[in-house]
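Beneath this line is the structure, given in structure tokens, with notes to follow.
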Amino acid sequence: MSAEPGGPRPVTGFPDDLVALQHRWTRTFNRLATDPPADGHEMRMELLGLSLRLDAHPHWATTEAGWSRAARRALQKYASAAPGGEEELVTICVDGRIIAVPPGEAASRR
């Protein structure tokens, strides 16, 4: 986000409950990406429900910039660096298979 006058202000913090929701979303996404159950319907539904709760969180109504993709990405980065956080894996296609790798490895695997 831009720190220029008149532009959106950078996000410096998020409420604990929003960070906890993001932690749950990331753990669920990573689990689904690395070890999907035979029928991952329930896990995908949980991920969808967490996404809806993240997007509808009251925090977005109280910030000057509001909800945006950039704000969600800032939340993901903030939550991964916060205590209890983990990085979201990246899913890529390698030799016709979908695999999950840490973000730093994705570019070297393509």
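Chain identifiers are assigned as A, B, and so on, following the order in which chains appear in the structure tokens; residues are numbered from 1 within each chain, and ligands are numbered from 1 in order of appearance.
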
Would you kindly return, as a ChimeraX atom specification, each protein, DNA or RNA residue with an atom no farther than 10 Å from any atom of Ala82 in chain A, considering only C-alpha atoms and excluding same-chain residues fewer than 6 positions away?
/A:16,19-20,23,76

Select from chain A everything DSSP, run on the backbone, classes as helix (DSSP H, G or I), then give the selection as a ChimeraX atom specification.
/A:16-34,41-55,59-62,69-81,103-109

The selected residues should be written to file as an mmCIF file, in the first residue's frame (atoms: C-alpha atoms).
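For reference, selection.cif as written:
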```cif
data_model
loop_
_atom_site.group_PDB
_atom_site.id
_atom_site.type_symbol
_atom_site.label_atom_id
_atom_site.label_comp_id
_atom_site.auth_asym_id
_atom_site.auth_seq_id
_atom_site.Cartn_x
_atom_site.Cartn_y
_atom_site.Cartn_z
ATOM 1 C CA ASP A 16 -6.059 -10.308 17.526
ATOM 2 C CA ASP A 17 -9.266 -12.092 16.517
ATOM 3 C CA LEU A 18 -8.680 -11.225 12.846
ATOM 4 C CA VAL A 19 -5.093 -12.498 13.051
ATOM 5 C CA ALA A 20 -6.367 -15.710 14.692
ATOM 6 C CA LEU A 21 -8.864 -16.181 11.836
ATOM 7 C CA GLN A 22 -6.056 -15.711 9.321
ATOM 8 C CA HIS A 23 -3.940 -18.265 11.208
ATOM 9 C CA ARG A 24 -6.803 -20.794 10.950
ATOM 10 C CA TRP A 25 -7.281 -20.021 7.254
ATOM 11 C CA THR A 26 -3.559 -20.486 6.492
ATOM 12 C CA ARG A 27 -3.294 -23.722 8.495
ATOM 13 C CA THR A 28 -6.389 -25.104 6.751
ATOM 14 C CA PHE A 29 -5.140 -24.050 3.303
ATOM 15 C CA ASN A 30 -1.683 -25.546 3.930
ATOM 16 C CA ARG A 31 -3.158 -28.791 5.248
ATOM 17 C CA LEU A 32 -5.450 -29.048 2.226
ATOM 18 C CA ALA A 33 -2.550 -28.286 -0.139
ATOM 19 C CA THR A 34 -0.100 -30.795 1.369
ATOM 20 C CA HIS A 41 -15.215 -31.272 0.656
ATOM 21 C CA GLU A 42 -15.473 -30.480 4.387
ATOM 22 C CA MET A 43 -12.039 -28.883 4.458
ATOM 23 C CA ARG A 44 -12.797 -26.772 1.371
ATOM 24 C CA MET A 45 -16.077 -25.689 2.958
ATOM 25 C CA GLU A 46 -14.207 -24.743 6.150
ATOM 26 C CA LEU A 47 -11.767 -22.696 4.046
ATOM 27 C CA LEU A 48 -14.646 -20.956 2.289
ATOM 28 C CA GLY A 49 -16.345 -20.197 5.620
ATOM 29 C CA LEU A 50 -13.116 -18.770 7.040
ATOM 30 C CA SER A 51 -12.692 -16.631 3.908
ATOM 31 C CA LEU A 52 -16.172 -15.219 4.344
ATOM 32 C CA ARG A 53 -15.542 -14.468 8.018
ATOM 33 C CA LEU A 54 -12.238 -12.762 7.173
ATOM 34 C CA ASP A 55 -13.814 -10.604 4.484
ATOM 35 C CA HIS A 59 -12.105 -4.348 11.197
ATOM 36 C CA TRP A 60 -12.440 -3.504 7.509
ATOM 37 C CA ALA A 61 -15.253 -1.044 8.246
ATOM 38 C CA THR A 62 -13.146 0.768 10.828
ATOM 39 C CA ARG A 69 -6.944 -7.396 -1.935
ATOM 40 C CA ALA A 70 -3.894 -5.419 -0.861
ATOM 41 C CA ALA A 71 -5.260 -5.182 2.703
ATOM 42 C CA ARG A 72 -5.941 -8.945 2.757
ATOM 43 C CA ARG A 73 -2.394 -9.590 1.544
ATOM 44 C CA ALA A 74 -1.061 -7.271 4.262
ATOM 45 C CA LEU A 75 -3.060 -9.290 6.799
ATOM 46 C CA GLN A 76 -1.583 -12.542 5.463
ATOM 47 C CA LYS A 77 1.962 -11.176 5.770
ATOM 48 C CA TYR A 78 1.285 -9.723 9.219
ATOM 49 C CA ALA A 79 -0.285 -12.960 10.480
ATOM 50 C CA SER A 80 2.507 -15.163 9.114
ATOM 51 C CA ALA A 81 5.062 -13.067 11.023
ATOM 52 C CA PRO A 103 6.882 -19.223 -1.246
ATOM 53 C CA GLY A 104 10.642 -18.901 -1.772
ATOM 54 C CA GLU A 105 10.827 -22.202 -3.653
ATOM 55 C CA ALA A 106 8.001 -21.537 -6.098
ATOM 56 C CA ALA A 107 10.037 -19.547 -8.637
ATOM 57 C CA SER A 108 12.852 -22.109 -8.771
ATOM 58 C CA ARG A 109 10.420 -25.008 -9.364
#
```

Just to confirm, what's the straight-line distance from CA of Leu89 in chain A to CA of Pro36 in chain A in Å (one decimal)?
13.6 Å

Could you tell me how far CA of Thr63 in chain A sits from CA of Pro15 in chain A, in Å to one decimal place?
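Calculated distance between CA of Pro15 in chain A and CA of Thr63 in chain A is 11.4 Å.
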
Quick one, how far is CA of Gly85 in chain A from CA of Phe14 in chain A?
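Spanning CA of Gly85 in chain A to CA of Phe14 in chain A is a straight-line distance of 13.5 Å.
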